[in-house]
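Participant: Supplied in C-alpha cells, the structure appears directly below.
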Amino acid sequence: MSINNKNSIFYSKVLLFGEYSILFDSNGLTIPYAHFNGTLNFINSTSYTDLDFAKKSNQQLIKYSAYLQQYASDLVDVDKIHADIEKGLYFESSIPEGYGLGSSGALVAAFYKKYGKNPIEAKAGLSNNETQELKKIFARLESYFHGKSSGIDPLICYLKYPLFIKDQKNISSIGISRENIKSDDAVFIVNTKQTGKTGPLVDLFMTKCLNPKYIDRIKKDLIPTTNKCIHSLLSGDLNSFYTHLKQLSKFQFQYLKEMIPDEFLKHWEEGINKNHYLLKLCGSGGGGYLLGFTRNFSKVKKELAEQGLEVIPVYQEF
C-alpha cells in the first residue's frame, strides 16, 4: 500500500529573511526547498528504506493523533487518521529535525492535504483571506510540536511557492526577480552538525528585548535592514542587496551572537571581512544550518569545503 504521488510530497522551507525580527512585524521572505522533503506512507509499502525509522514515526503519529483528537477534530478527520495509523502510517522524511527547515511544517501540511475537512486547495493566487485562514488552521495543527506556532512553516510547505510576509496579517505569493543574476550567484546552507532548539533561543531573545537599548537596536537597525534586504532582492538590485545583507550579517554577529555556534564565528567574521560570502542565521540558530549568500559560489564552496564545512546550494542563481 502506498499513498505517494507528486502532490503528496512536501518540501522543506528556508526562511531567507525575518528570523527574530518577524516577532516585531518586520517583513519576511520564505521559500520552499525541494532538496529535503517528506511524504506520508505505509510501513507495508515497498518504498520505505528504514524500518526502524518508519516504526518510530508511526509511534510518534499515535501521540500526534491524540492531540488532534483533543484539539483539532474540527479541522481533520481523526477517525481516518486513527485507521491509517493502525495500517502502519508514517511520515517518510529526509528533512532533518531541529535544523530550521520545517520538518514539522511538512508533516502538518501532509496531514492537512490528506485528512483536512473541506481543505483549502493549494494554488497560486489565493486571496489574503484564504491565506490567513490556512495560516490559522496550520497554527493549531502545528502547536503540538512547538507549544505555539505561527502557522507560517506549514503554510510554505503546503503552498510550495515563495511567500512575502508583509506582516502576520498580510502574506502573499511572490516572485523573486532574476534580473542581474549571474551563473555563480547562489544561496547556500552550511551544516553546523548540531541540533538547534528554537524555544530556549526565542525566550533568550525576548528576555534581551526587555532591555530598552537592545529593543531600540532591533527596531531601528534590525527591522529596517531586514526589510531593505528583502525589497532589494525582490527588485533585482543586487548591489544594494549585498550592501544591506552585509549590515544584517554584522548586526547578527554583534547582537545575536549567542545564536551562532562558537566554532562558526570565525567563518562568519571571515565572510564579512573578505566580502566574498556572507552568513546569516537560518531560523532561530543555535545549530542546524547557517544561511549563506555569494556571487562566487564555485570558489566559496571549494574554500569552505577545504575548511571541513558541508555546503549545500539552496537556490543557485537565486
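Chain identifiers are assigned as A, B, and so on, following the order in which chains appear in the C-alpha cells; residues are numbered from 1 within each chain, and ligands are numbered from 1 in order of appearance.
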Show which residues sit within 10 Å of segment 53-66 of chain A, as a PyMOL selection string. Count only C-alpha atoms, and ignore same-chain residues fewer than 3 positions away.
Facilitator: chain A and resi 41-44+48-50+69-73+76+78-79+81-82+84-93+107+141-142+144-145
Participant: From the DSSP assignment of the backbone, select every residue of segment 37-277 of chain A that is strand (DSSP E), and format the answer as a list in words.
Facilitator: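 So, restricting segment 37-277 of chain A to strand (DSSP E), we get Asn37, Gly38, Thr39, Leu40, Asn41, Phe42, Leu89, Tyr90, Phe91, Glu92, Ser93, Leu163, Phe164, Ile165, Lys166, Asp167, Asn170, Ile171, Ser172, Ser173, Ala186, Val187, Phe188, Ile189, Val190 and Asn191 of chain A.
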Participant: I'd like to know which of A:Gly286, A:Lys213, A:Phe188, A:Asn27 is closest to Ile312 of chain A, using only C-alpha atoms.
Facilitator: A:Phe188
Participant: Pick out the residues sitting within 10 Å of segment 264-281 of chain A, and hand them over as a ChimeraX atom specification; count only C-alpha atoms, and ignore anything fewer than 4 positions along from it in its own chain.
Facilitator: /A:15-20,100,186-190,192,242,245-253,256-257,259-260,285-297,299-301,304,307,309
Participant: Near Asn128 of chain A, within 12 Å and counting only C-alpha atoms, which residues show up once chain neighbours fewer than 5 positions away are dropped, as a ChimeraX atom specification?
Facilitator: /A:133-135,163-173
Participant: Which residues, written as a list in words, have at least one atom at most 12 Å from Ala124 of chain A, with only C-alpha atoms counted and residues fewer than 3 positions away on the same chain left out?
Facilitator: Ile120, Glu121, Ser127, Asn128, Glu130, Thr131, Ile156, Tyr158, Leu159, Lys160, Tyr161, Pro162, Leu163, Ser172, Ser173, Ile174 and Gly175 of chain A
Participant: Could you turn the residues from that selection into a file that holds all heavy atoms, as a compact mmCIF listing (two decimals), in the first residue's frame?
Facilitator:
# COMPACT_ATOMS: atom_id res chain seq x y z
N ILE A 120 -8.72 23.92 2.03
CA ILE A 120 -8.48 24.97 1.04
C ILE A 120 -7.41 24.47 0.09
O ILE A 120 -6.33 24.05 0.52
CB ILE A 120 -8.05 26.27 1.72
CG1 ILE A 120 -9.15 26.78 2.66
CG2 ILE A 120 -7.68 27.35 0.69
CD1 ILE A 120 -8.73 27.96 3.53
N GLU A 121 -7.68 24.51 -1.18
CA GLU A 121 -6.75 23.97 -2.17
C GLU A 121 -5.48 24.81 -2.25
O GLU A 121 -5.53 26.04 -2.19
CB GLU A 121 -7.42 23.92 -3.55
CG GLU A 121 -6.56 23.31 -4.63
CD GLU A 121 -7.23 23.34 -6.00
OE1 GLU A 121 -8.42 23.72 -6.07
OE2 GLU A 121 -6.57 23.00 -6.99
N SER A 127 -6.52 34.34 -2.13
CA SER A 127 -6.80 35.64 -1.53
C SER A 127 -6.12 35.72 -0.18
O SER A 127 -5.75 34.69 0.42
CB SER A 127 -8.31 35.85 -1.35
OG SER A 127 -8.81 34.96 -0.37
N ASN A 128 -5.93 36.94 0.33
CA ASN A 128 -5.32 37.08 1.65
C ASN A 128 -6.18 36.43 2.72
O ASN A 128 -5.66 35.86 3.68
CB ASN A 128 -5.09 38.56 1.98
CG ASN A 128 -4.27 38.74 3.25
OD1 ASN A 128 -3.14 38.28 3.34
ND2 ASN A 128 -4.85 39.40 4.25
N GLU A 130 -8.02 33.71 2.35
CA GLU A 130 -7.78 32.27 2.29
C GLU A 130 -6.42 31.93 2.90
O GLU A 130 -6.29 30.94 3.63
CB GLU A 130 -7.83 31.79 0.83
CG GLU A 130 -9.22 31.79 0.23
CD GLU A 130 -9.21 31.45 -1.24
OE1 GLU A 130 -8.41 32.05 -1.99
OE2 GLU A 130 -9.99 30.57 -1.65
N THR A 131 -5.42 32.75 2.61
CA THR A 131 -4.09 32.52 3.15
C THR A 131 -4.10 32.63 4.67
O THR A 131 -3.49 31.82 5.37
CB THR A 131 -3.09 33.53 2.55
OG1 THR A 131 -3.09 33.41 1.13
CG2 THR A 131 -1.68 33.27 3.07
N ILE A 156 4.09 27.50 4.01
CA ILE A 156 5.03 27.47 2.89
C ILE A 156 5.21 26.04 2.38
O ILE A 156 5.30 25.81 1.17
CB ILE A 156 6.38 28.12 3.27
CG1 ILE A 156 7.35 28.13 2.09
CG2 ILE A 156 7.03 27.41 4.44
CD1 ILE A 156 6.99 29.05 0.99
N TYR A 158 2.98 23.71 2.42
CA TYR A 158 1.74 23.32 1.75
C TYR A 158 1.60 23.99 0.39
O TYR A 158 1.25 23.35 -0.60
CB TYR A 158 0.56 23.70 2.64
CG TYR A 158 -0.80 23.29 2.11
CD1 TYR A 158 -1.16 21.95 2.01
CD2 TYR A 158 -1.73 24.25 1.74
CE1 TYR A 158 -2.41 21.57 1.53
CE2 TYR A 158 -2.99 23.89 1.27
CZ TYR A 158 -3.33 22.55 1.17
OH TYR A 158 -4.56 22.19 0.70
N LEU A 159 1.89 25.29 0.32
CA LEU A 159 1.68 26.04 -0.91
C LEU A 159 2.80 25.83 -1.93
O LEU A 159 2.59 25.95 -3.13
CB LEU A 159 1.52 27.53 -0.60
CG LEU A 159 0.30 27.90 0.26
CD1 LEU A 159 0.27 29.40 0.52
CD2 LEU A 159 -0.99 27.45 -0.43
N LYS A 160 4.03 25.61 -1.45
CA LYS A 160 5.17 25.27 -2.33
C LYS A 160 5.57 26.39 -3.27
O LYS A 160 6.05 26.13 -4.37
CB LYS A 160 4.87 23.99 -3.13
CG LYS A 160 4.60 22.76 -2.27
CD LYS A 160 4.27 21.56 -3.15
CE LYS A 160 3.88 20.36 -2.30
NZ LYS A 160 3.43 19.22 -3.10
N TYR A 161 5.38 27.64 -2.86
CA TYR A 161 5.94 28.75 -3.63
C TYR A 161 6.38 29.84 -2.65
O TYR A 161 5.92 29.88 -1.51
CB TYR A 161 4.96 29.28 -4.67
CG TYR A 161 3.55 29.58 -4.21
CD1 TYR A 161 3.27 30.66 -3.38
CD2 TYR A 161 2.49 28.79 -4.63
CE1 TYR A 161 1.99 30.93 -2.97
CE2 TYR A 161 1.19 29.06 -4.22
CZ TYR A 161 0.95 30.13 -3.40
OH TYR A 161 -0.34 30.40 -3.00
N PRO A 162 7.29 30.72 -3.10
CA PRO A 162 7.81 31.75 -2.19
C PRO A 162 6.70 32.63 -1.63
O PRO A 162 5.74 32.97 -2.34
CB PRO A 162 8.76 32.56 -3.09
CG PRO A 162 9.17 31.61 -4.16
CD PRO A 162 7.96 30.76 -4.42
N LEU A 163 6.86 33.00 -0.37
CA LEU A 163 5.87 33.86 0.29
C LEU A 163 6.55 35.12 0.82
O LEU A 163 7.62 35.05 1.44
CB LEU A 163 5.21 33.13 1.46
CG LEU A 163 4.31 31.93 1.14
CD1 LEU A 163 3.80 31.30 2.43
CD2 LEU A 163 3.15 32.34 0.24
N SER A 172 1.56 36.92 1.05
CA SER A 172 1.19 36.70 -0.35
C SER A 172 2.30 35.96 -1.09
O SER A 172 3.47 36.03 -0.72
CB SER A 172 0.90 38.04 -1.04
OG SER A 172 2.03 38.90 -0.97
N SER A 173 1.91 35.26 -2.15
CA SER A 173 2.91 34.62 -3.01
C SER A 173 3.69 35.71 -3.73
O SER A 173 3.18 36.81 -3.98
CB SER A 173 2.23 33.69 -4.01
OG SER A 173 1.33 34.42 -4.83
N ILE A 174 4.93 35.41 -4.05
CA ILE A 174 5.81 36.43 -4.61
C ILE A 174 6.78 35.80 -5.59
O ILE A 174 7.15 34.62 -5.44
CB ILE A 174 6.59 37.15 -3.47
CG1 ILE A 174 7.19 38.47 -3.93
CG2 ILE A 174 7.64 36.25 -2.88
CD1 ILE A 174 6.21 39.59 -4.03
N GLY A 175 7.19 36.56 -6.58
CA GLY A 175 8.25 36.11 -7.49
C GLY A 175 9.55 36.81 -7.11
O GLY A 175 9.54 37.96 -6.67
Participant: Can you tell me, as a PyMOL selection string, which residues in segment 137-285 of chain A count as helix (DSSP H, G or I) by DSSP?
Facilitator: chain A and resi 137-146+152-159+198-208+212-235+238-255+257-259+262-274
Participant: Neighbours of Lys220 of chain A within 12 Å (only C-alpha atoms; same-chain residues fewer than 5 positions away dropped), as a tab-separated table (two decimals) with N, CA, C and O atoms, in the first residue's frame?
Facilitator:
chain	number	residue	atom	x	y	z
A	21	SER	N	13.25	39.14	13.88
A	21	SER	CA	12.65	40.45	13.61
A	21	SER	C	11.17	40.32	13.27
A	21	SER	O	10.38	41.24	13.53
A	24	PHE	N	8.51	41.13	15.71
A	24	PHE	CA	8.13	42.54	15.89
A	24	PHE	C	7.65	43.14	14.58
A	24	PHE	O	7.80	44.34	14.32
A	26	SER	N	8.53	42.78	11.33
A	26	SER	CA	9.33	43.10	10.14
A	26	SER	C	8.74	42.31	8.97
A	26	SER	O	7.89	41.44	9.15
A	212	PRO	N	15.72	48.23	27.18
A	212	PRO	CA	15.31	49.30	26.25
A	212	PRO	C	16.34	49.59	25.16
A	212	PRO	O	15.97	49.86	24.01
A	213	LYS	N	17.63	49.50	25.49
A	213	LYS	CA	18.65	49.78	24.48
A	213	LYS	C	18.69	48.68	23.42
A	213	LYS	O	18.91	48.95	22.24
A	214	TYR	N	18.46	47.46	23.85
A	214	TYR	CA	18.50	46.33	22.92
A	214	TYR	C	17.31	46.38	21.97
A	214	TYR	O	17.46	46.26	20.75
A	215	ILE	N	16.11	46.57	22.50
A	215	ILE	CA	14.92	46.61	21.65
A	215	ILE	C	14.99	47.82	20.71
A	215	ILE	O	14.48	47.78	19.59
A	225	THR	N	16.85	47.01	8.25
A	225	THR	CA	17.84	46.32	7.42
A	225	THR	C	17.26	45.05	6.81
A	225	THR	O	17.48	44.75	5.63
A	226	THR	N	16.50	44.30	7.60
A	226	THR	CA	15.83	43.10	7.08
A	226	THR	C	14.90	43.46	5.94
A	226	THR	O	14.90	42.82	4.88
A	227	ASN	N	14.10	44.51	6.13
A	227	ASN	CA	13.16	44.93	5.09
A	227	ASN	C	13.89	45.36	3.82
A	227	ASN	O	13.46	45.05	2.70
A	251	PHE	N	25.11	42.84	12.10
A	251	PHE	CA	24.19	43.02	13.23
A	251	PHE	C	24.01	41.70	13.98
A	251	PHE	O	24.08	41.66	15.21
Participant: Quick one: distance from atom CA of Ala122 of chain A to atom CA of Pro154 of chain A in Å, one decimal?
Facilitator: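 Between atom CA of Ala122 of chain A and atom CA of Pro154 of chain A the gap is 11.7 Å.
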Participant: Between A:Asn118, A:Ser235, A:Ser150, A:Ser143, which residue has the minimum interatomic distance to Leu68 of chain A, considering only C-alpha atoms?
Facilitator: A:Ser143
Participant: Go through A:Lys228, A:Asn211, A:Val311, A:Ala34 and flag the residue nearest Lys193 of chain A, using only C-alpha atoms for the distances.
Facilitator: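 Distance minimum relative to Lys193 of chain A lands on A:Val311.
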Participant: Between A:Lys208, A:Lys219, A:Arg178, A:Lys197, which is the closest to Asp237 of chain A once you count only C-alpha atoms?
Facilitator: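 Once distances to Asp237 of chain A are computed over only C-alpha atoms, the minimum belongs to A:Arg178.
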Participant: Here is a test: counting only C-alpha atoms, which residue of A:Gly125, A:Val108, A:Arg140, A:Asn180 is nearest to Asn239 of chain A?
Facilitator: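 Result for the nearest residue to Asn239 of chain A: A:Asn180.
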Participant: Pick out the closest residue to His146 of chain A from this set: A:Pro96, A:Gly105, A:Pro224, A:Pro261. Count only C-alpha atoms.
Facilitator: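 Among the listed residues, A:Gly105 lies closest to His146 of chain A.
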Participant: Quick one, how far is atom CA of Thr243 of chain A from atom CA of Leu210 of chain A?
Facilitator: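 Separation of atom CA of Thr243 of chain A and atom CA of Leu210 of chain A: 29.5 Å.
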